[in-house]
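What follows is one structure encoded as structure tokens, with my remarks underneath.
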2 protein chains.
Amino acid sequence: MLTYSFLNIGSDRLYEHLYKCIRKDVIHGILSPGTKLPSKRSFAKHLDISVITVENAYDKLIAEGYIYSIAKKGYYVADAPESGWWNYQPLTKDKVETEEAEQEPEGFNQYLPAPAQSHKDTYFADFLSNHTRTDNFPFSIWARLMREVLAEEKESLLLPPPSGGILQLRSAIAQHLRQFRGMHVRPEQIIIGAGTEYLYGLLIQLLGHHKVIGLENPGYKKIGQIYQSSGVRCQYISMDEHGLNLKQLMDSDVNVIHLSPSHHFPTGIVTPISRRYELLGWAAGEEGRYIIEDDYDSEFRLTGKPIPALQSIDVMERVIYMNTFTKSLASTIRISYMILPKSLLHSFYQKLGFYACTVSNFEQYTLARFIGEGYFEKHINRMRSYYREQRDRLVEQIRNSSLNTHTTICEEHAGLHFLLNTDTNYSDEEIVRRAQAAGIRLTCLSQYFQDDRIHSSEHILVINYSGIAPERIPEAVRRLAEIFR
Amino acid sequence: MLTYSFLNIGSDRLYEHLYKCIRKDVIHGILSPGTKLPSKRSFAKHLDISVITVENAYDKLIAEGYIYSIAKKGYYVADAPESGWWNYQPLTKDKVETEEAEQEPEGFNQYLPAPAQSHKDTYFADFLSNHTRTDNFPFSIWARLMREVLAEEKESLLLPPPSGGILQLRSAIAQHLRQFRGMHVRPEQIIIGAGTEYLYGLLIQLLGHHKVIGLENPGYKKIGQIYQSSGVRCQYISMDEHGLNLKQLMDSDVNVIHLSPSHHFPTGIVTPISRRYELLGWAAGEEGRYIIEDDYDSEFRLTGKPIPALQSIDVMERVIYMNTFTKSLASTIRISYMILPKSLLHSFYQKLGFYACTVSNFEQYTLARFIGEGYFEKHINRMRSYYREQRDRLVEQIRNSSLNTHTTICEEHAGLHFLLNTDTNYSDEEIVRRAQAAGIRLTCLSQYFQDDRIHSSEHILVINYSGIAPERIPEAVRRLAEIFR
């Protein structure tokens, strides 16, 4: 039953206090329209107050339209008191933006995650987010291609695409992978989906909920969240200096291992070819084992020759390759893909072919043109040199600062982040807190571990540099140095 | 091990036959690049032929580049024989369309579901598909709004939206539901996703994989496929003339019932208000019970006052409401939404708030404008009168045909399909086959049942009229009548 405290009610009379408590809950949506309130008698007993007090409170609430009574049934929360938050104003274009902010009571807003830009406003520099900066997205080209698609593809835009996506896009991706990654893939093997998160879920359905998924430790916590949320069991496997610890993998119950051999986050490890063959050997060792190769930022390898994808040296058809345009283009372009080995294709179309493709035709056609007409390649090249400059600028600033004497930079060769090993007495928690106080958002390597191996990984900052504005780097490094004084 | 039959090899010599078999499998992708072939000795033994025969076949395949050998290791399927299907040509805009069709070998194409338009070409009239016709989509308005969004929303298009979708769209939907469906819903309760199929999966993650999902029998088979594919147990509950059989529901293990009370498919039953309260009573009867109210075509109720949605009379917060724009706008617009009761909101944001929204910002902004500026309402109204005319035309043609004497039409008041009860000696299978032969695609009510209750539901055709071209109706009915002669 509803419970309110009658401590610290100030000069209010009891019924006034109860009235205010209920009204507040109604306004804030905690008591929602139609909710039945306790009967006067039982409520009074429950709160240890008199029936008259409850009655007076209820009467005031009825008079003001917050609740209503039905004879012989009881009291209910009303649907639309005048000041209620559910009275939406007619929606006009200009009002949309402000309306929300003004009319929301605080009670409900707790459910709404803060919009992404709020970090931008709060922090001077954000080394935690790995979102790409919107300025770098070739918006005008994208917009032109969209307009072309609208003008030229009218008919096809309204035709339901195959479950795996439109062939034009799948062919364009196959083509791209062949030229830039040396991968030979059929368009039919490529399955388009609205984000890798969605595709992980699809994969679980394909491989079966009984599989045990192996995850890298340390690693992105979100990946584990997704698999667990899909109802499968996960086990964490440690990393050594060459990537996933094979001995641990062998000793585990894992059937399907999810890894990013091209560039592990957050350690930055690039798995060498020998370890890759060992991993393939593990997969081949038993029926039903698979490797999910998450190649999410392979486009941004800054130095050295790329190591072949596991997918391209897998002759046993045990590798499922995943990549996304969210990372390489813009975080709001929700287009990712997976490449199924041929052995899984038939089962995919049979088991899951009934699913409609989750990406709109419109964006699929636009992206197909963007890749097919060479803009994707240009963009990647441009971004690669942008990130290289960004990294160099940051590294140079760090070396020229007081940080130089007590930090080392490592794993800076493959894209978008590096590690900053610091010699300090502060705990990782203190580092993050001190950074926060200085307007710097960052996190430490230790945060990405599942378990308690804090000691070996302490005092290592993870520096994502993809999202930070170039002009803010000097000041950001100055503040960073300040933290360790 | 690979096995080929040596029966009926005609005038070929044994080695030639073996060579052709392997070459065919390589070309068709059945033997994929890198596959290890059996050793000569074991293969010979397995096929009961001489080692020399296998050697000759392998030699010819090596000479032609289909396979290669590695000393002391064995024979492998080659990566890129000249004529191989994996040699993609550089992709140019004009080539994309034809390239696929010309270069695909038949072996692989079996995995690719036929594109949707093929039915259009194969059938004179399609009464099975409930896809809306593309001509009815207000493409030019949609395109104009898209161009506006591109021009005016540049910044916001690249900002990651909240997990549930952009607020503008959720507010517009809340607003629409209030005005046209009398539902009072907060934008925060609305969760946008790329299709209801995706949202079902999300719901399972929210409610838990241990739930038993109840499904209507008869009903859309796809819904059961999706839930089962997500790893939850399903039970089927029969329908009586007022909707879901409550006694059966009570006696089942079901915790979560998925139903469409506004207009059940395929029976067309509209669940009356009394049964709706009984259903809500069932849900309130035990902790953790929920109703998924699938309101997919409620916009197209053609006559009579709409019955309130379960969602809007649910004071116990046990109803999850679902609807989609795929049905009301175009099947390629993959935007659907669910409305969570407030009691589930917190748990949604806590458990699943890490998921990125699966619909691109771009389409969300366009749809928000489309609804907010009144185009959605206009479109719905236009479509409703279009479908009414469509139904009337079809019913009239049926009544004026020879079908009139031995058929009755029922459940024709709520949108997009009706039932045609026929007095015939043909089995349902024969009806479908005869229709097919006459260029008519249709199905019978009995097809939607899970079990063997064929007798009571036999000889009832399900007539979806949303996708058929008006000018084809007279001829389609003539052919339909022909079937029963």
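Residues in the structure tokens are numbered from 1 in each chain, the chains being A, B, ... in the order shown, and ligands are numbered from 1 in the order shown.
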When you look at segment 371-388 of chain A with a cut-off of 9 Å (counting only C-alpha atoms), what residues show up, excluding the ones that are within fewer than 2 positions of it in the same chain? I need them as a PyMOL selection string. (chain A and resi 136-138+141+168-169+171-173+175-176+180+299-302+328-329+366-369+390-393+415-416+465-466) or (chain B and resi 90-93+96)
If you keep N, CA and C atoms, can you produce a file of those selected residues as a compact mmCIF listing (two decimals), in the first residue's frame?
# COMPACT_ATOMS: atom_id res chain seq x y z
N ASN A 136 33.31 15.75 -39.32
CA ASN A 136 34.08 14.98 -40.29
C ASN A 136 33.21 14.19 -41.26
N PHE A 137 31.95 14.12 -40.99
CA PHE A 137 31.08 13.35 -41.87
C PHE A 137 30.81 14.14 -43.15
N PRO A 138 31.00 13.53 -44.30
CA PRO A 138 30.80 14.26 -45.57
C PRO A 138 29.32 14.48 -45.84
N ILE A 141 27.88 15.47 -49.44
CA ILE A 141 27.87 14.37 -50.42
C ILE A 141 26.75 13.39 -50.09
N GLN A 168 22.39 -4.41 -54.14
CA GLN A 168 23.34 -3.36 -54.52
C GLN A 168 24.30 -3.05 -53.38
N LEU A 169 23.76 -2.94 -52.17
CA LEU A 169 24.61 -2.62 -51.03
C LEU A 169 25.53 -3.79 -50.71
N SER A 171 26.62 -6.07 -52.71
CA SER A 171 27.67 -6.16 -53.73
C SER A 171 28.73 -5.09 -53.51
N ALA A 172 28.27 -3.89 -53.18
CA ALA A 172 29.22 -2.79 -52.97
C ALA A 172 30.15 -3.12 -51.80
N ILE A 173 29.62 -3.71 -50.76
CA ILE A 173 30.45 -4.07 -49.60
C ILE A 173 31.43 -5.18 -49.98
N GLN A 175 32.65 -5.86 -52.85
CA GLN A 175 33.62 -5.19 -53.70
C GLN A 175 34.66 -4.43 -52.86
N HIS A 176 34.15 -3.68 -51.91
CA HIS A 176 35.03 -2.90 -51.04
C HIS A 176 35.96 -3.83 -50.25
N PHE A 180 40.01 -3.58 -50.47
CA PHE A 180 40.72 -2.92 -49.38
C PHE A 180 41.06 -3.84 -48.22
N GLU A 299 39.44 -0.22 -40.35
CA GLU A 299 39.71 0.79 -41.38
C GLU A 299 40.74 1.81 -40.90
N PHE A 300 40.90 1.92 -39.59
CA PHE A 300 41.70 3.02 -39.07
C PHE A 300 43.07 2.58 -38.56
N ARG A 301 43.56 1.50 -39.10
CA ARG A 301 44.92 1.12 -38.78
C ARG A 301 45.84 2.19 -39.35
N LEU A 302 46.67 2.78 -38.46
CA LEU A 302 47.40 3.97 -38.89
C LEU A 302 48.78 3.67 -39.47
N SER A 328 32.80 4.01 -38.93
CA SER A 328 33.59 4.63 -40.00
C SER A 328 32.88 5.82 -40.64
N LEU A 329 31.56 5.91 -40.50
CA LEU A 329 30.86 7.06 -41.09
C LEU A 329 30.32 8.01 -40.01
N THR A 366 21.42 4.69 -50.46
CA THR A 366 22.37 5.81 -50.34
C THR A 366 23.77 5.28 -50.04
N LEU A 367 23.87 4.36 -49.10
CA LEU A 367 25.19 3.83 -48.75
C LEU A 367 25.79 3.05 -49.92
N ALA A 368 24.95 2.31 -50.66
CA ALA A 368 25.46 1.56 -51.82
C ALA A 368 26.12 2.52 -52.80
N ARG A 369 25.48 3.66 -53.03
CA ARG A 369 26.06 4.65 -53.94
C ARG A 369 27.33 5.25 -53.34
N GLN A 390 45.73 13.82 -35.50
CA GLN A 390 45.13 13.99 -34.19
C GLN A 390 45.99 13.28 -33.13
N ARG A 391 46.34 12.04 -33.45
CA ARG A 391 47.17 11.27 -32.52
C ARG A 391 48.52 11.95 -32.33
N ASP A 392 49.16 12.35 -33.46
CA ASP A 392 50.48 12.96 -33.38
C ASP A 392 50.46 14.24 -32.54
N ARG A 393 49.42 15.02 -32.76
CA ARG A 393 49.28 16.28 -32.04
C ARG A 393 49.18 16.00 -30.53
N GLY A 415 44.00 2.25 -34.84
CA GLY A 415 43.18 3.43 -34.71
C GLY A 415 42.50 3.86 -33.45
N LEU A 416 42.32 5.11 -33.31
CA LEU A 416 41.31 5.78 -32.49
C LEU A 416 41.54 5.85 -30.98
N TYR A 465 40.85 9.36 -28.95
CA TYR A 465 41.06 10.71 -29.48
C TYR A 465 40.19 11.01 -30.70
N SER A 466 39.24 10.12 -31.01
CA SER A 466 38.44 10.34 -32.23
C SER A 466 37.46 11.50 -32.08
N PRO B 90 34.77 -4.38 -61.20
CA PRO B 90 34.64 -3.09 -60.51
C PRO B 90 33.20 -2.58 -60.65
N LEU B 91 32.73 -2.03 -59.58
CA LEU B 91 31.32 -1.72 -59.50
C LEU B 91 31.06 -0.31 -60.00
N THR B 92 30.25 -0.15 -61.00
CA THR B 92 29.86 1.19 -61.41
C THR B 92 28.35 1.26 -61.30
N LYS B 93 27.86 2.47 -61.27
CA LYS B 93 26.44 2.66 -60.98
C LYS B 93 25.54 1.88 -61.93
N VAL B 96 25.54 -2.18 -61.57
CA VAL B 96 25.08 -2.88 -60.37
C VAL B 96 23.87 -3.78 -60.62
Fewer than 4 positions away in the same chain doesn't count, so skip those; otherwise give me all residues within 9 Å of segment 249-258 of chain B, counting only C-alpha atoms, as a ChimeraX atom specification. /B:207,211-216,223,234-238,244-245,282-283,286,288-294
Smallest atom-to-atom distance to chain A: which of B:Val359, B:Ala71, B:Ala44, B:Val319, using only C-alpha atoms?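 Checking each of B:Val359, B:Ala71, B:Ala44, B:Val319 against chain A, counting only C-alpha atoms, the winner is B:Val359.
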Skip Asp135 of chain B itself and residues of its chain fewer than 6 positions away, then list as a list in words all residues within 10 Å of it, counting only C-alpha atoms. Glu155 and Leu158 of chain A; Ala330 and Ala469 of chain B
Secondary structure check, strand (DSSP E or B) residues of segment 129-283 of chain B, as a PyMOL selection string: chain B and resi 190-193+212-217+233-240+243-244+256-259
Near Asn56 of chain B, within 12 Å and counting only C-alpha atoms, which residues show up once chain neighbours fewer than 6 positions away are dropped, as a list in words?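 Residues near the query, excluding close chain neighbours: Arg13, Leu14, Tyr15, Glu16, His17, Leu18, Tyr19, Lys20, Lys40, Ala44, Ile49, Ser50, Ile62 and Ala63 of chain B.
Ranking B:Leu128, B:Ile335, B:Leu279, B:Val232 by their shortest atom-to-atom distance to Val462 of chain B, with only C-alpha atoms included, puts B:Leu128 first.
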Polymer residues at most 9 Å from Ile67 of chain B, only C-alpha atoms, same-chain spacing of 3 or more positions, as a PyMOL selection string: chain B and resi 23+26+33-34+37+58-59+61-64+75-79+81
Could you turn the residues from that selection into a file that holds N, CA and C atoms, as a PDB file, in the first residue's frame?
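Saved the output as out-v2.pdb:
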ATOM      1  N   ARG B  23      34.402 -30.179 -60.332  1.00  0.00           N
ATOM      2  CA  ARG B  23      34.407 -28.843 -60.927  1.00  0.00           C
ATOM      3  C   ARG B  23      33.055 -28.153 -60.696  1.00  0.00           C
ATOM      4  N   VAL B  26      32.793 -26.924 -57.237  1.00  0.00           N
ATOM      5  CA  VAL B  26      33.638 -25.750 -56.994  1.00  0.00           C
ATOM      6  C   VAL B  26      32.968 -24.505 -57.570  1.00  0.00           C
ATOM      7  N   PRO B  33      36.450 -22.244 -51.591  1.00  0.00           N
ATOM      8  CA  PRO B  33      37.894 -22.033 -51.678  1.00  0.00           C
ATOM      9  C   PRO B  33      38.582 -22.433 -50.384  1.00  0.00           C
ATOM     10  N   GLY B  34      39.661 -23.178 -50.504  1.00  0.00           N
ATOM     11  CA  GLY B  34      40.409 -23.564 -49.323  1.00  0.00           C
ATOM     12  C   GLY B  34      39.996 -24.901 -48.747  1.00  0.00           C
ATOM     13  N   LEU B  37      40.564 -31.355 -50.064  1.00  0.00           N
ATOM     14  CA  LEU B  37      39.947 -32.514 -50.717  1.00  0.00           C
ATOM     15  C   LEU B  37      40.502 -33.785 -50.086  1.00  0.00           C
ATOM     16  N   TYR B  58      42.203 -35.160 -60.376  1.00  0.00           N
ATOM     17  CA  TYR B  58      42.867 -34.065 -59.657  1.00  0.00           C
ATOM     18  C   TYR B  58      43.805 -33.300 -60.587  1.00  0.00           C
ATOM     19  N   ASP B  59      44.571 -34.029 -61.413  1.00  0.00           N
ATOM     20  CA  ASP B  59      45.522 -33.367 -62.303  1.00  0.00           C
ATOM     21  C   ASP B  59      44.817 -32.398 -63.258  1.00  0.00           C
ATOM     22  N   LEU B  61      41.954 -30.952 -62.759  1.00  0.00           N
ATOM     23  CA  LEU B  61      41.432 -29.818 -61.982  1.00  0.00           C
ATOM     24  C   LEU B  61      42.554 -28.828 -61.644  1.00  0.00           C
ATOM     25  N   ILE B  62      43.748 -29.378 -61.338  1.00  0.00           N
ATOM     26  CA  ILE B  62      44.887 -28.500 -61.045  1.00  0.00           C
ATOM     27  C   ILE B  62      45.258 -27.706 -62.291  1.00  0.00           C
ATOM     28  N   ALA B  63      45.309 -28.423 -63.421  1.00  0.00           N
ATOM     29  CA  ALA B  63      45.694 -27.779 -64.680  1.00  0.00           C
ATOM     30  C   ALA B  63      44.754 -26.627 -65.009  1.00  0.00           C
ATOM     31  N   GLU B  64      43.493 -26.793 -64.649  1.00  0.00           N
ATOM     32  CA  GLU B  64      42.522 -25.754 -64.992  1.00  0.00           C
ATOM     33  C   GLU B  64      42.312 -24.735 -63.861  1.00  0.00           C
ATOM     34  N   TYR B  75      45.384 -31.686 -51.281  1.00  0.00           N
ATOM     35  CA  TYR B  75      44.754 -30.912 -52.356  1.00  0.00           C
ATOM     36  C   TYR B  75      43.686 -29.991 -51.769  1.00  0.00           C
ATOM     37  N   TYR B  76      43.653 -28.775 -52.314  1.00  0.00           N
ATOM     38  CA  TYR B  76      42.712 -27.776 -51.794  1.00  0.00           C
ATOM     39  C   TYR B  76      41.948 -27.121 -52.933  1.00  0.00           C
ATOM     40  N   VAL B  77      40.732 -26.706 -52.626  1.00  0.00           N
ATOM     41  CA  VAL B  77      39.955 -25.973 -53.623  1.00  0.00           C
ATOM     42  C   VAL B  77      40.563 -24.581 -53.783  1.00  0.00           C
ATOM     43  N   ALA B  78      40.750 -24.176 -55.037  1.00  0.00           N
ATOM     44  CA  ALA B  78      41.450 -22.927 -55.305  1.00  0.00           C
ATOM     45  C   ALA B  78      40.566 -21.717 -55.037  1.00  0.00           C
ATOM     46  N   ASP B  79      41.231 -20.591 -54.949  1.00  0.00           N
ATOM     47  CA  ASP B  79      40.582 -19.362 -54.520  1.00  0.00           C
ATOM     48  C   ASP B  79      39.909 -18.628 -55.669  1.00  0.00           C
ATOM     49  N   PRO B  81      39.633 -19.402 -59.634  1.00  0.00           N
ATOM     50  CA  PRO B  81      39.759 -19.820 -61.026  1.00  0.00           C
ATOM     51  C   PRO B  81      39.208 -18.717 -61.911  1.00  0.00           C
TER      52      PRO B  81
END
Which is closest to Leu344 of chain B among B:Gly165, B:Gln189, B:Ile204, B:Gly285, if we use only C-alpha atoms? B:Gln189
Near segment 348-358 of chain B, counting only C-alpha atoms, which residues have an atom at most 7 Å away, once you skip same-chain residues fewer than 4 positions from it, shown as a list of chain:residue names? A:Tyr111, A:Ala194, A:Gly195, A:Arg334, B:Pro161, B:Pro162, B:Ser163, B:Gly164, B:Gly165, B:Gly193, B:Ala194, B:Leu206, B:Leu344
Residues of the last selection are to be written out with C-alpha atoms, as a tab-separated table (two decimals), in the first residue's frame.
chain	number	residue	atom	x	y	z
A	111	TYR	CA	13.64	7.41	-17.14
A	194	ALA	CA	20.55	-1.95	-38.08
A	195	GLY	CA	23.69	-2.01	-35.94
A	334	ARG	CA	22.78	2.46	-38.13
B	161	PRO	CA	19.41	9.61	-30.31
B	162	PRO	CA	18.18	8.19	-27.00
B	163	SER	CA	17.72	4.43	-26.96
B	164	GLY	CA	13.96	4.75	-27.41
B	165	GLY	CA	14.16	7.14	-30.36
B	193	GLY	CA	12.40	0.26	-33.24
B	194	ALA	CA	13.14	-0.99	-36.74
B	206	LEU	CA	12.85	-7.14	-21.01
B	344	LEU	CA	8.24	-1.46	-16.99
Looking at B:His242, B:His184, B:His406, B:Arg170, which one is nearest to chain A, with distances taken over only C-alpha atoms?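 Going through B:His242, B:His184, B:His406, B:Arg170 one by one, the smallest distance to chain A is for B:His184.
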Within 8 Å of Met146 of chain A, counting only C-alpha atoms, which residues qualify if same-chain residues fewer than 3 places away don't, as a ChimeraX atom specification? /A:142-143,149-150,362-363,366
Take the selection from the previous step and output its residues with all heavy atoms, as a PDB file, in the first residue's frame.
ATOM      1  N   TRP A 142      26.672  13.053 -48.830  1.00  0.00           N
ATOM      2  CA  TRP A 142      25.623  12.127 -48.382  1.00  0.00           C
ATOM      3  C   TRP A 142      24.234  12.674 -48.745  1.00  0.00           C
ATOM      4  O   TRP A 142      23.383  11.959 -49.268  1.00  0.00           O
ATOM      5  CB  TRP A 142      25.759  11.907 -46.875  1.00  0.00           C
ATOM      6  CG  TRP A 142      24.884  10.832 -46.308  1.00  0.00           C
ATOM      7  CD1 TRP A 142      23.692  10.996 -45.673  1.00  0.00           C
ATOM      8  CD2 TRP A 142      25.127   9.418 -46.329  1.00  0.00           C
ATOM      9  NE1 TRP A 142      23.182   9.776 -45.282  1.00  0.00           N
ATOM     10  CE2 TRP A 142      24.049   8.789 -45.671  1.00  0.00           C
ATOM     11  CE3 TRP A 142      26.157   8.619 -46.834  1.00  0.00           C
ATOM     12  CZ2 TRP A 142      23.956   7.407 -45.504  1.00  0.00           C
ATOM     13  CZ3 TRP A 142      26.062   7.237 -46.658  1.00  0.00           C
ATOM     14  CH2 TRP A 142      24.984   6.650 -46.016  1.00  0.00           C
ATOM     15  N   ALA A 143      24.030  13.956 -48.480  1.00  0.00           N
ATOM     16  CA  ALA A 143      22.740  14.588 -48.766  1.00  0.00           C
ATOM     17  C   ALA A 143      22.460  14.569 -50.271  1.00  0.00           C
ATOM     18  O   ALA A 143      21.331  14.308 -50.700  1.00  0.00           O
ATOM     19  CB  ALA A 143      22.717  16.018 -48.237  1.00  0.00           C
ATOM     20  N   VAL A 149      18.925   9.395 -54.764  1.00  0.00           N
ATOM     21  CA  VAL A 149      18.185   8.155 -54.522  1.00  0.00           C
ATOM     22  C   VAL A 149      16.684   8.438 -54.533  1.00  0.00           C
ATOM     23  O   VAL A 149      15.898   7.722 -55.150  1.00  0.00           O
ATOM     24  CB  VAL A 149      18.619   7.511 -53.179  1.00  0.00           C
ATOM     25  CG1 VAL A 149      17.636   6.435 -52.746  1.00  0.00           C
ATOM     26  CG2 VAL A 149      20.012   6.922 -53.298  1.00  0.00           C
ATOM     27  N   LEU A 150      16.290   9.526 -53.875  1.00  0.00           N
ATOM     28  CA  LEU A 150      14.878   9.902 -53.839  1.00  0.00           C
ATOM     29  C   LEU A 150      14.331  10.121 -55.241  1.00  0.00           C
ATOM     30  O   LEU A 150      13.211   9.743 -55.562  1.00  0.00           O
ATOM     31  CB  LEU A 150      14.696  11.205 -53.053  1.00  0.00           C
ATOM     32  CG  LEU A 150      14.501  11.088 -51.556  1.00  0.00           C
ATOM     33  CD1 LEU A 150      14.375  12.466 -50.947  1.00  0.00           C
ATOM     34  CD2 LEU A 150      13.250  10.269 -51.237  1.00  0.00           C
ATOM     35  N   PHE A 362      15.975   3.166 -48.137  1.00  0.00           N
ATOM     36  CA  PHE A 362      16.473   4.460 -48.475  1.00  0.00           C
ATOM     37  C   PHE A 362      17.939   4.623 -48.091  1.00  0.00           C
ATOM     38  O   PHE A 362      18.774   5.042 -48.880  1.00  0.00           O
ATOM     39  CB  PHE A 362      15.603   5.461 -47.735  1.00  0.00           C
ATOM     40  CG  PHE A 362      15.910   6.809 -48.153  1.00  0.00           C
ATOM     41  CD1 PHE A 362      15.530   7.242 -49.398  1.00  0.00           C
ATOM     42  CD2 PHE A 362      16.633   7.631 -47.319  1.00  0.00           C
ATOM     43  CE1 PHE A 362      15.875   8.507 -49.809  1.00  0.00           C
ATOM     44  CE2 PHE A 362      16.962   8.885 -47.726  1.00  0.00           C
ATOM     45  CZ  PHE A 362      16.575   9.332 -48.973  1.00  0.00           C
ATOM     46  N   GLU A 363      18.265   4.257 -46.864  1.00  0.00           N
ATOM     47  CA  GLU A 363      19.649   4.398 -46.429  1.00  0.00           C
ATOM     48  C   GLU A 363      20.533   3.336 -47.081  1.00  0.00           C
ATOM     49  O   GLU A 363      21.713   3.559 -47.301  1.00  0.00           O
ATOM     50  CB  GLU A 363      19.736   4.302 -44.910  1.00  0.00           C
ATOM     51  CG  GLU A 363      18.848   5.318 -44.218  1.00  0.00           C
ATOM     52  CD  GLU A 363      19.536   6.078 -43.107  1.00  0.00           C
ATOM     53  OE1 GLU A 363      20.264   5.468 -42.339  1.00  0.00           O
ATOM     54  OE2 GLU A 363      19.339   7.315 -43.035  1.00  0.00           O
ATOM     55  N   THR A 366      21.420   4.693 -50.462  1.00  0.00           N
ATOM     56  CA  THR A 366      22.366   5.810 -50.340  1.00  0.00           C
ATOM     57  C   THR A 366      23.774   5.281 -50.041  1.00  0.00           C
ATOM     58  O   THR A 366      24.750   5.687 -50.682  1.00  0.00           O
ATOM     59  CB  THR A 366      21.912   6.772 -49.221  1.00  0.00           C
ATOM     60  OG1 THR A 366      20.572   7.189 -49.478  1.00  0.00           O
ATOM     61  CG2 THR A 366      22.804   7.998 -49.162  1.00  0.00           C
TER      62      THR A 366
END
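The space separating atom CA of Tyr4 of chain A from atom CA of Val54 of chain A comes to 12.1 Å.
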B:Ile333, B:Leu280, B:Ile22, B:Ile320 ranked by distance to chain A, top pick (using only C-alpha atoms):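 That would be B:Ile333, the residue with the smallest distance to chain A.
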So which one's closest to Gly224 of chain A, A:Ile409, A:Arg133, A:Leu259, A:Leu47? Using only C-alpha atoms, please.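 Of all the options, A:Leu259 lies closest to Gly224 of chain A.
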Could you tell me, as a PyMOL selection string, which residues of segment 278-450 of chain A DSSP assigns to helix (DSSP H, G or I) when given the backbone? chain A and resi 278-284+298-300+310-313+325-328+342-352+361-372+375-399+402-406+428-437+445-448
